[in-house]
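This is target11.cif. It holds mmCIF, C-alpha atoms and all ligand atoms.
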data_start
#
loop_
_atom_site.label_atom_id
_atom_site.label_comp_id
_atom_site.auth_asym_id
_atom_site.auth_seq_id
_atom_site.Cartn_x
_atom_site.Cartn_y
_atom_site.Cartn_z
CA MET A 180 0.00 0.00 0.00
CA SER A 181 1.53 3.31 -1.02
CA PRO A 182 1.81 6.04 1.62
CA LYS A 183 -0.35 8.36 -0.48
CA ARG A 184 -3.29 6.01 -0.39
CA LEU A 185 -3.02 5.41 3.34
CA LYS A 186 -4.84 7.80 5.65
CA LYS A 187 -3.36 8.13 9.09
CA GLU A 188 -6.57 7.33 10.90
CA MET A 189 -9.81 5.71 9.77
CA THR A 190 -13.02 4.98 11.66
CA TYR A 191 -15.34 2.13 10.68
CA HIS A 192 -18.69 0.95 11.94
CA THR A 193 -19.47 -2.74 11.84
CA SER A 194 -22.77 -4.40 12.62
CA SER A 195 -21.75 -8.05 12.69
CA THR A 196 -18.95 -10.28 13.86
CA ARG A 197 -18.21 -11.10 10.23
CA GLN A 198 -17.76 -7.43 9.30
CA THR A 199 -15.29 -6.94 12.13
CA PHE A 200 -13.44 -10.09 11.06
CA LYS A 201 -13.32 -8.82 7.47
CA LEU A 202 -11.95 -5.45 8.58
CA GLY A 203 -9.16 -7.23 10.45
CA GLU A 204 -8.56 -9.37 7.39
CA GLN A 205 -8.11 -6.27 5.20
CA LEU A 206 -5.49 -4.97 7.63
CA GLY A 207 -3.78 -8.37 7.73
CA LYS A 208 -3.54 -8.48 3.94
CA ARG A 209 -1.49 -5.32 3.75
CA LEU A 210 0.97 -6.04 6.55
CA LYS A 211 4.57 -6.29 5.41
CA GLY A 212 6.27 -7.47 8.59
CA GLY A 213 7.69 -5.50 11.50
CA GLU A 214 4.32 -4.09 12.56
CA THR A 215 3.04 -4.09 16.11
CA ILE A 216 -0.75 -3.83 16.39
CA LEU A 217 -2.28 -2.70 19.67
CA LEU A 218 -5.90 -3.74 20.14
CA ILE A 219 -7.60 -1.53 22.69
CA GLY A 220 -11.19 -1.89 23.86
CA GLU A 221 -13.32 -3.25 26.66
CA LEU A 222 -14.20 -6.91 27.12
CA GLY A 223 -16.49 -8.04 24.31
CA SER A 224 -15.65 -5.13 22.01
CA GLY A 225 -14.32 -7.52 19.36
CA LYS A 226 -10.54 -7.53 19.82
CA THR A 227 -10.24 -11.29 19.38
CA ILE A 228 -12.61 -11.35 16.39
CA PHE A 229 -10.56 -8.58 14.75
CA ALA A 230 -7.33 -10.43 15.60
CA LYS A 231 -8.63 -13.58 13.93
CA GLY A 232 -9.37 -11.52 10.83
CA VAL A 233 -5.80 -10.18 10.82
CA ALA A 234 -4.52 -13.76 11.09
CA SER A 235 -6.71 -14.75 8.15
CA GLY A 236 -5.31 -11.85 6.12
CA LEU A 237 -1.85 -13.21 6.89
CA GLU A 238 -2.98 -16.55 5.46
CA ILE A 239 -2.78 -18.30 8.79
CA LYS A 240 -4.86 -21.44 9.14
CA SER A 241 -6.69 -21.71 12.45
CA SER A 242 -4.80 -24.88 13.31
CA THR A 243 -1.28 -23.47 13.10
CA ALA A 244 -0.78 -22.13 16.62
CA VAL A 245 2.70 -22.86 17.91
CA THR A 246 2.41 -22.28 21.62
CA SER A 247 5.48 -22.55 23.77
CA PRO A 248 4.73 -23.56 27.37
CA SER A 249 7.00 -20.86 28.77
CA PHE A 250 5.23 -18.22 26.69
CA THR A 251 1.78 -18.68 28.18
CA LEU A 252 0.66 -15.23 27.11
CA ILE A 253 1.97 -15.51 23.57
CA ASN A 254 0.68 -17.61 20.70
CA GLU A 255 2.85 -17.92 17.62
CA TYR A 256 1.38 -18.56 14.17
CA HIS A 257 3.08 -19.18 10.86
CA GLY A 258 1.44 -17.75 7.75
CA ARG A 259 2.56 -15.33 5.05
CA LEU A 260 4.45 -13.71 7.94
CA ARG A 261 5.06 -14.95 11.45
CA LEU A 262 2.39 -13.65 13.84
CA PHE A 263 2.70 -13.38 17.59
CA HIS A 264 -0.63 -12.87 19.33
CA ILE A 265 -0.44 -11.63 22.91
CA ASP A 266 -3.35 -11.21 25.33
CA LEU A 267 -2.48 -9.02 28.31
CA TYR A 268 -5.90 -9.25 30.00
CA ARG A 269 -4.41 -10.77 33.14
CA ILE A 270 -1.45 -8.43 33.39
CA SER A 271 -1.75 -5.78 36.07
CA ARG A 272 1.70 -4.14 35.92
CA PRO A 273 4.12 -3.66 32.99
CA GLU A 274 6.88 -5.21 35.15
CA GLU A 275 5.18 -8.55 34.56
CA LEU A 276 6.22 -8.24 30.90
CA TYR A 277 9.97 -8.24 31.48
CA ASP A 278 10.32 -11.99 30.96
CA LEU A 279 8.21 -12.20 27.82
CA GLY A 280 11.07 -11.51 25.44
CA LEU A 281 9.09 -8.85 23.58
CA GLU A 282 12.21 -7.25 22.12
CA GLU A 283 13.18 -10.54 20.54
CA ILE A 284 9.88 -11.00 18.74
CA MET A 285 9.42 -7.38 17.62
CA THR A 286 11.57 -7.82 14.52
CA PRO A 287 11.05 -6.82 10.85
CA ALA A 288 10.12 -10.41 10.01
CA ASN A 289 7.26 -10.63 12.49
CA VAL A 290 3.88 -9.11 13.19
CA VAL A 291 3.09 -8.67 16.88
CA MET A 292 -0.55 -8.18 17.85
CA VAL A 293 -1.46 -7.29 21.41
CA GLU A 294 -4.93 -7.44 22.99
CA TRP A 295 -5.24 -4.94 25.88
CA GLY A 296 -2.34 -3.18 24.14
CA GLU A 297 -2.54 -0.21 26.49
CA LYS A 298 -1.06 -2.46 29.18
CA LEU A 299 2.28 -2.61 27.33
CA GLY A 300 3.21 0.65 29.03
CA PRO A 301 6.92 1.33 28.48
CA PHE A 302 7.16 -1.75 26.23
CA SER A 303 4.90 -0.08 23.68
CA PRO A 304 6.76 0.65 20.43
CA ALA A 305 6.56 4.21 19.18
CA LEU A 306 5.30 3.18 15.74
CA ALA A 307 2.49 0.80 16.61
CA ILE A 308 -0.73 0.53 14.61
CA VAL A 309 -3.43 1.29 17.16
CA VAL A 310 -6.90 -0.25 16.78
CA ARG A 311 -9.55 1.09 19.17
CA LEU A 312 -12.78 -0.85 19.40
CA SER A 313 -15.93 0.08 21.27
CA SER A 314 -19.43 -1.34 21.52
CA VAL A 315 -22.02 1.16 20.39
CA GLY A 316 -24.92 -1.32 20.36
CA GLU A 317 -25.46 -5.02 20.84
CA ARG A 318 -23.93 -5.80 17.45
CA GLN A 319 -22.56 -2.39 16.50
CA ARG A 320 -18.87 -1.70 16.95
CA GLU A 321 -16.94 1.49 16.24
CA ILE A 322 -13.39 0.68 15.18
CA THR A 323 -10.69 3.30 14.64
CA ILE A 324 -7.39 2.27 13.08
CA SER A 325 -4.46 4.68 13.49
CA PHE A 326 -1.29 4.19 11.50
CA PRO A 327 2.09 5.55 12.53
CA GLU A 328 3.26 8.48 10.40
CA GLN A 329 6.04 6.50 8.71
CA ASN A 330 3.63 3.94 7.19
N1 LIG B 401 -19.94 -6.12 15.15
C1 LIG B 401 -19.33 -7.02 15.95
N2 LIG B 401 -18.00 -7.18 15.88
C2 LIG B 401 -17.36 -8.03 16.70
N3 LIG B 401 -17.97 -8.80 17.63
C3 LIG B 401 -19.32 -8.70 17.72
C4 LIG B 401 -20.04 -7.82 16.90
N4 LIG B 401 -21.36 -7.92 17.23
C5 LIG B 401 -21.42 -8.82 18.19
N5 LIG B 401 -20.21 -9.31 18.51
C6 LIG B 401 -19.93 -10.27 19.58
O1 LIG B 401 -19.09 -9.62 20.53
C7 LIG B 401 -18.16 -10.54 21.06
C8 LIG B 401 -16.74 -10.04 20.82
O2 LIG B 401 -15.89 -10.97 21.45
P1 LIG B 401 -14.32 -10.86 21.42
O3 LIG B 401 -13.84 -10.61 20.05
O4 LIG B 401 -13.82 -12.07 22.13
O5 LIG B 401 -14.07 -9.55 22.31
P2 LIG B 401 -12.77 -9.12 23.11
O6 LIG B 401 -11.61 -9.94 22.61
O7 LIG B 401 -12.64 -7.67 22.83
O8 LIG B 401 -13.07 -9.37 24.57
C9 LIG B 401 -18.40 -11.88 20.39
O9 LIG B 401 -19.24 -12.65 21.23
C10 LIG B 401 -19.13 -11.47 19.12
O10 LIG B 401 -20.00 -12.49 18.65
MG MG B 402 -10.14 -11.19 23.56
#

Show me the file's structure as structure tokens.
Ligand SMILES: Nc1ncnc2c1ncn2[C@@H]1O[C@H](COP(=O)(O)OP(=O)(O)O)[C@@H](O)[C@H]1O
Ligand SMILES: [Mg+2]
Amino acid sequence: MSPKRLKKEMTYHTSSTRQTFKLGEQLGKRLKGGETILLIGELGSGKTIFAKGVASGLEIKSSTAVTSPSFTLINEYHGRLRLFHIDLYRISRPEELYDLGLEEIMTPANVVMVEWGEKLGPFSPALAIVVRLSSVGERQREITISFPEQN
């Protein structure tokens, strides 16, 4: 995707799980590697649905999780790019993230996607793609995707 065609921030409204999945899939299709995606929104806002769409856009089959027992918070998937999916729901302090090896996985070859991304605190990369989701009805979700300036 050329920089000219990419707006810095876009807001979408979805009215079904499938639409949210598809939106994530569109984002996944244009990832090139090296991106960190922060998913921010309350419980039930659709972070995991969106994340599954991103994985689909990266051509990841649902059965390809490579979970290491020591990385309980991180699931690794192999598709068009390598995807690390992290869920920080149970984290209460950023200090708990020291042992995760985040620096090692945030490389140009990988995509790192973080649910409850606001909990990364000081571990948050400056150039993350930020996806904010909120419930605006039983099936309505407002989803804003912000791209870092360099994209
Ligand atoms: N438009 C929508 N987009 C995403 N999820 C929706 C939508 N409408 C209803 N839902 C429901 O909301 C829930 C979202 O769950 P999930 O993605 O696990 O949320 P989170 O990971 O943010 O806690 C699912 O039960 C899904 O079926
Ligand atoms: Mg979730």

* Residue with smallest distance to A:Ile270 - pool A:Ala244, A:Ile322, A:Leu299, A:Ile253, counting all atoms listed in the file -> A:Leu299

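With all atoms listed in the file counted, the chains near ligand MG 402 (chain B) contribute these residues within 9 Å: A:Leu222, A:Gly223, A:Ser224, A:Gly225, A:Lys226, A:Thr227, A:Ile228, A:Ala230, A:Asp266, A:Tyr268, A:Glu294, A:Trp295.
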
* Taking only C-alpha atoms and all ligand atoms into account, which residues are within 12 Å of ligand LIG 401 (chain B), as a ChimeraX atom specification? -> /A:191-203,217-232,264-268,293-296,310-322

Residue subset to file, keeping C-alpha atoms, as a PDB file, in the coordinates of the input:
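Contents of result.pdb, freshly written:
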ATOM      1  CA  TYR A 191     -15.340   2.130  10.680  1.00  0.00           C
ATOM      2  CA  HIS A 192     -18.690   0.950  11.940  1.00  0.00           C
ATOM      3  CA  THR A 193     -19.470  -2.740  11.840  1.00  0.00           C
ATOM      4  CA  SER A 194     -22.770  -4.400  12.620  1.00  0.00           C
ATOM      5  CA  SER A 195     -21.750  -8.050  12.690  1.00  0.00           C
ATOM      6  CA  THR A 196     -18.950 -10.280  13.860  1.00  0.00           C
ATOM      7  CA  ARG A 197     -18.210 -11.100  10.230  1.00  0.00           C
ATOM      8  CA  GLN A 198     -17.760  -7.430   9.300  1.00  0.00           C
ATOM      9  CA  THR A 199     -15.290  -6.940  12.130  1.00  0.00           C
ATOM     10  CA  PHE A 200     -13.440 -10.090  11.060  1.00  0.00           C
ATOM     11  CA  LYS A 201     -13.320  -8.820   7.470  1.00  0.00           C
ATOM     12  CA  LEU A 202     -11.950  -5.450   8.580  1.00  0.00           C
ATOM     13  CA  GLY A 203      -9.160  -7.230  10.450  1.00  0.00           C
ATOM     14  CA  LEU A 217      -2.280  -2.700  19.670  1.00  0.00           C
ATOM     15  CA  LEU A 218      -5.900  -3.740  20.140  1.00  0.00           C
ATOM     16  CA  ILE A 219      -7.600  -1.530  22.690  1.00  0.00           C
ATOM     17  CA  GLY A 220     -11.190  -1.890  23.860  1.00  0.00           C
ATOM     18  CA  GLU A 221     -13.320  -3.250  26.660  1.00  0.00           C
ATOM     19  CA  LEU A 222     -14.200  -6.910  27.120  1.00  0.00           C
ATOM     20  CA  GLY A 223     -16.490  -8.040  24.310  1.00  0.00           C
ATOM     21  CA  SER A 224     -15.650  -5.130  22.010  1.00  0.00           C
ATOM     22  CA  GLY A 225     -14.320  -7.520  19.360  1.00  0.00           C
ATOM     23  CA  LYS A 226     -10.540  -7.530  19.820  1.00  0.00           C
ATOM     24  CA  THR A 227     -10.240 -11.290  19.380  1.00  0.00           C
ATOM     25  CA  ILE A 228     -12.610 -11.350  16.390  1.00  0.00           C
ATOM     26  CA  PHE A 229     -10.560  -8.580  14.750  1.00  0.00           C
ATOM     27  CA  ALA A 230      -7.330 -10.430  15.600  1.00  0.00           C
ATOM     28  CA  LYS A 231      -8.630 -13.580  13.930  1.00  0.00           C
ATOM     29  CA  GLY A 232      -9.370 -11.520  10.830  1.00  0.00           C
ATOM     30  CA  HIS A 264      -0.630 -12.870  19.330  1.00  0.00           C
ATOM     31  CA  ILE A 265      -0.440 -11.630  22.910  1.00  0.00           C
ATOM     32  CA  ASP A 266      -3.350 -11.210  25.330  1.00  0.00           C
ATOM     33  CA  LEU A 267      -2.480  -9.020  28.310  1.00  0.00           C
ATOM     34  CA  TYR A 268      -5.900  -9.250  30.000  1.00  0.00           C
ATOM     35  CA  VAL A 293      -1.460  -7.290  21.410  1.00  0.00           C
ATOM     36  CA  GLU A 294      -4.930  -7.440  22.990  1.00  0.00           C
ATOM     37  CA  TRP A 295      -5.240  -4.940  25.880  1.00  0.00           C
ATOM     38  CA  GLY A 296      -2.340  -3.180  24.140  1.00  0.00           C
ATOM     39  CA  VAL A 310      -6.900  -0.250  16.780  1.00  0.00           C
ATOM     40  CA  ARG A 311      -9.550   1.090  19.170  1.00  0.00           C
ATOM     41  CA  LEU A 312     -12.780  -0.850  19.400  1.00  0.00           C
ATOM     42  CA  SER A 313     -15.930   0.080  21.270  1.00  0.00           C
ATOM     43  CA  SER A 314     -19.430  -1.340  21.520  1.00  0.00           C
ATOM     44  CA  VAL A 315     -22.020   1.160  20.390  1.00  0.00           C
ATOM     45  CA  GLY A 316     -24.920  -1.320  20.360  1.00  0.00           C
ATOM     46  CA  GLU A 317     -25.460  -5.020  20.840  1.00  0.00           C
ATOM     47  CA  ARG A 318     -23.930  -5.800  17.450  1.00  0.00           C
ATOM     48  CA  GLN A 319     -22.560  -2.390  16.500  1.00  0.00           C
ATOM     49  CA  ARG A 320     -18.870  -1.700  16.950  1.00  0.00           C
ATOM     50  CA  GLU A 321     -16.940   1.490  16.240  1.00  0.00           C
ATOM     51  CA  ILE A 322     -13.390   0.680  15.180  1.00  0.00           C
TER      52      ILE A 322
END

* To do: For atom CA of A:Met292 and atom CA of A:Tyr277, determine how far apart the two atoms are, in Å to one decimal place.
  => 17.2 Å

Near A:Ala305, within 12 Å and counting all atoms listed in the file, which residues show up once chain neighbours fewer than 4 positions away are dropped, as a CSV table (one decimal) with C-alpha atoms, in the coordinates of the input?
chain,number,residue,atom,x,y,z
A,214,GLU,CA,4.3,-4.1,12.6
A,215,THR,CA,3.0,-4.1,16.1
A,216,ILE,CA,-0.8,-3.8,16.4
A,217,LEU,CA,-2.3,-2.7,19.7
A,299,LEU,CA,2.3,-2.6,27.3
A,300,GLY,CA,3.2,0.6,29.0
A,301,PRO,CA,6.9,1.3,28.5
A,309,VAL,CA,-3.4,1.3,17.2
A,326,PHE,CA,-1.3,4.2,11.5
A,327,PRO,CA,2.1,5.6,12.5
A,328,GLU,CA,3.3,8.5,10.4
A,329,GLN,CA,6.0,6.5,8.7

My structure is short of atoms at stretch 242-274 of chain A; please model N, CA and C atoms there, returning them as a PDB file, in the frame of the given file.
ATOM      1  N   SER A 242      -5.425 -23.786  12.576  1.00  0.00           N
ATOM      2  CA  SER A 242      -4.800 -24.880  13.310  1.00  0.00           C
ATOM      3  C   SER A 242      -3.292 -24.717  13.479  1.00  0.00           C
ATOM      4  N   THR A 243      -2.740 -23.549  13.125  1.00  0.00           N
ATOM      5  CA  THR A 243      -1.280 -23.470  13.100  1.00  0.00           C
ATOM      6  C   THR A 243      -0.668 -22.786  14.324  1.00  0.00           C
ATOM      7  N   ALA A 244      -1.369 -22.732  15.437  1.00  0.00           N
ATOM      8  CA  ALA A 244      -0.780 -22.130  16.620  1.00  0.00           C
ATOM      9  C   ALA A 244       0.433 -22.932  17.078  1.00  0.00           C
ATOM     10  N   VAL A 245       1.486 -22.228  17.417  1.00  0.00           N
ATOM     11  CA  VAL A 245       2.700 -22.860  17.910  1.00  0.00           C
ATOM     12  C   VAL A 245       2.933 -22.279  19.296  1.00  0.00           C
ATOM     13  N   THR A 246       2.353 -22.876  20.289  1.00  0.00           N
ATOM     14  CA  THR A 246       2.410 -22.280  21.620  1.00  0.00           C
ATOM     15  C   THR A 246       3.510 -22.916  22.446  1.00  0.00           C
ATOM     16  N   SER A 247       4.418 -22.071  22.903  1.00  0.00           N
ATOM     17  CA  SER A 247       5.480 -22.550  23.770  1.00  0.00           C
ATOM     18  C   SER A 247       4.992 -22.490  25.213  1.00  0.00           C
ATOM     19  N   PRO A 248       5.240 -23.531  26.003  1.00  0.00           N
ATOM     20  CA  PRO A 248       4.730 -23.560  27.370  1.00  0.00           C
ATOM     21  C   PRO A 248       5.257 -22.422  28.245  1.00  0.00           C
ATOM     22  N   SER A 249       6.463 -21.949  27.944  1.00  0.00           N
ATOM     23  CA  SER A 249       7.000 -20.860  28.770  1.00  0.00           C
ATOM     24  C   SER A 249       6.411 -19.518  28.364  1.00  0.00           C
ATOM     25  N   PHE A 250       5.833 -19.463  27.175  1.00  0.00           N
ATOM     26  CA  PHE A 250       5.230 -18.220  26.690  1.00  0.00           C
ATOM     27  C   PHE A 250       3.711 -18.313  26.796  1.00  0.00           C
ATOM     28  N   THR A 251       3.217 -18.419  28.011  1.00  0.00           N
ATOM     29  CA  THR A 251       1.780 -18.680  28.180  1.00  0.00           C
ATOM     30  C   THR A 251       0.914 -17.562  27.623  1.00  0.00           C
ATOM     31  N   LEU A 252       1.466 -16.355  27.582  1.00  0.00           N
ATOM     32  CA  LEU A 252       0.660 -15.230  27.110  1.00  0.00           C
ATOM     33  C   LEU A 252       0.753 -15.042  25.603  1.00  0.00           C
ATOM     34  N   ILE A 253       1.688 -15.746  24.980  1.00  0.00           N
ATOM     35  CA  ILE A 253       1.970 -15.510  23.570  1.00  0.00           C
ATOM     36  C   ILE A 253       1.663 -16.736  22.728  1.00  0.00           C
ATOM     37  N   ASN A 254       0.877 -16.552  21.694  1.00  0.00           N
ATOM     38  CA  ASN A 254       0.680 -17.610  20.700  1.00  0.00           C
ATOM     39  C   ASN A 254       1.391 -17.208  19.424  1.00  0.00           C
ATOM     40  N   GLU A 255       2.095 -18.167  18.848  1.00  0.00           N
ATOM     41  CA  GLU A 255       2.850 -17.920  17.620  1.00  0.00           C
ATOM     42  C   GLU A 255       2.187 -18.665  16.476  1.00  0.00           C
ATOM     43  N   TYR A 256       2.011 -17.955  15.350  1.00  0.00           N
ATOM     44  CA  TYR A 256       1.380 -18.560  14.170  1.00  0.00           C
ATOM     45  C   TYR A 256       2.263 -18.339  12.964  1.00  0.00           C
ATOM     46  N   HIS A 257       2.289 -19.319  12.084  1.00  0.00           N
ATOM     47  CA  HIS A 257       3.080 -19.180  10.860  1.00  0.00           C
ATOM     48  C   HIS A 257       2.141 -19.084   9.664  1.00  0.00           C
ATOM     49  N   GLY A 258       2.204 -17.949   8.976  1.00  0.00           N
ATOM     50  CA  GLY A 258       1.440 -17.750   7.750  1.00  0.00           C
ATOM     51  C   GLY A 258       2.332 -17.083   6.734  1.00  0.00           C
ATOM     52  N   ARG A 259       1.773 -16.122   5.995  1.00  0.00           N
ATOM     53  CA  ARG A 259       2.560 -15.330   5.050  1.00  0.00           C
ATOM     54  C   ARG A 259       3.705 -14.642   5.776  1.00  0.00           C
ATOM     55  N   LEU A 260       3.435 -14.227   7.021  1.00  0.00           N
ATOM     56  CA  LEU A 260       4.450 -13.710   7.940  1.00  0.00           C
ATOM     57  C   LEU A 260       4.258 -14.454   9.250  1.00  0.00           C
ATOM     58  N   ARG A 261       5.226 -14.331  10.137  1.00  0.00           N
ATOM     59  CA  ARG A 261       5.060 -14.950  11.450  1.00  0.00           C
ATOM     60  C   ARG A 261       4.273 -13.983  12.342  1.00  0.00           C
ATOM     61  N   LEU A 262       3.252 -14.484  12.990  1.00  0.00           N
ATOM     62  CA  LEU A 262       2.390 -13.650  13.840  1.00  0.00           C
ATOM     63  C   LEU A 262       2.504 -14.095  15.290  1.00  0.00           C
ATOM     64  N   PHE A 263       2.737 -13.118  16.160  1.00  0.00           N
ATOM     65  CA  PHE A 263       2.700 -13.380  17.590  1.00  0.00           C
ATOM     66  C   PHE A 263       1.478 -12.666  18.159  1.00  0.00           C
ATOM     67  N   HIS A 264       0.597 -13.417  18.760  1.00  0.00           N
ATOM     68  CA  HIS A 264      -0.630 -12.870  19.330  1.00  0.00           C
ATOM     69  C   HIS A 264      -0.522 -12.917  20.860  1.00  0.00           C
ATOM     70  N   ILE A 265      -0.626 -11.747  21.462  1.00  0.00           N
ATOM     71  CA  ILE A 265      -0.440 -11.630  22.910  1.00  0.00           C
ATOM     72  C   ILE A 265      -1.718 -11.088  23.525  1.00  0.00           C
ATOM     73  N   ASP A 266      -2.171 -11.702  24.619  1.00  0.00           N
ATOM     74  CA  ASP A 266      -3.350 -11.210  25.330  1.00  0.00           C
ATOM     75  C   ASP A 266      -2.927 -10.809  26.733  1.00  0.00           C
ATOM     76  N   LEU A 267      -2.982  -9.516  27.013  1.00  0.00           N
ATOM     77  CA  LEU A 267      -2.480  -9.020  28.310  1.00  0.00           C
ATOM     78  C   LEU A 267      -3.597  -8.820  29.330  1.00  0.00           C
ATOM     79  N   TYR A 268      -4.752  -9.440  29.102  1.00  0.00           N
ATOM     80  CA  TYR A 268      -5.900  -9.250  30.000  1.00  0.00           C
ATOM     81  C   TYR A 268      -5.516  -9.431  31.463  1.00  0.00           C
ATOM     82  N   ARG A 269      -4.716 -10.447  31.743  1.00  0.00           N
ATOM     83  CA  ARG A 269      -4.410 -10.770  33.140  1.00  0.00           C
ATOM     84  C   ARG A 269      -3.212 -10.029  33.706  1.00  0.00           C
ATOM     85  N   ILE A 270      -2.610  -9.196  32.915  1.00  0.00           N
ATOM     86  CA  ILE A 270      -1.450  -8.430  33.390  1.00  0.00           C
ATOM     87  C   ILE A 270      -1.933  -7.212  34.171  1.00  0.00           C
ATOM     88  N   SER A 271      -1.338  -6.976  35.333  1.00  0.00           N
ATOM     89  CA  SER A 271      -1.750  -5.780  36.070  1.00  0.00           C
ATOM     90  C   SER A 271      -0.652  -4.721  36.114  1.00  0.00           C
ATOM     91  N   ARG A 272       0.609  -5.123  35.927  1.00  0.00           N
ATOM     92  CA  ARG A 272       1.700  -4.140  35.920  1.00  0.00           C
ATOM     93  C   ARG A 272       2.655  -4.457  34.775  1.00  0.00           C
ATOM     94  N   PRO A 273       3.198  -3.415  34.115  1.00  0.00           N
ATOM     95  CA  PRO A 273       4.120  -3.660  32.990  1.00  0.00           C
ATOM     96  C   PRO A 273       5.340  -4.487  33.415  1.00  0.00           C
ATOM     97  N   GLU A 274       5.705  -4.446  34.697  1.00  0.00           N
ATOM     98  CA  GLU A 274       6.880  -5.210  35.150  1.00  0.00           C
ATOM     99  C   GLU A 274       6.702  -6.705  34.858  1.00  0.00           C
TER     100      GLU A 274
END
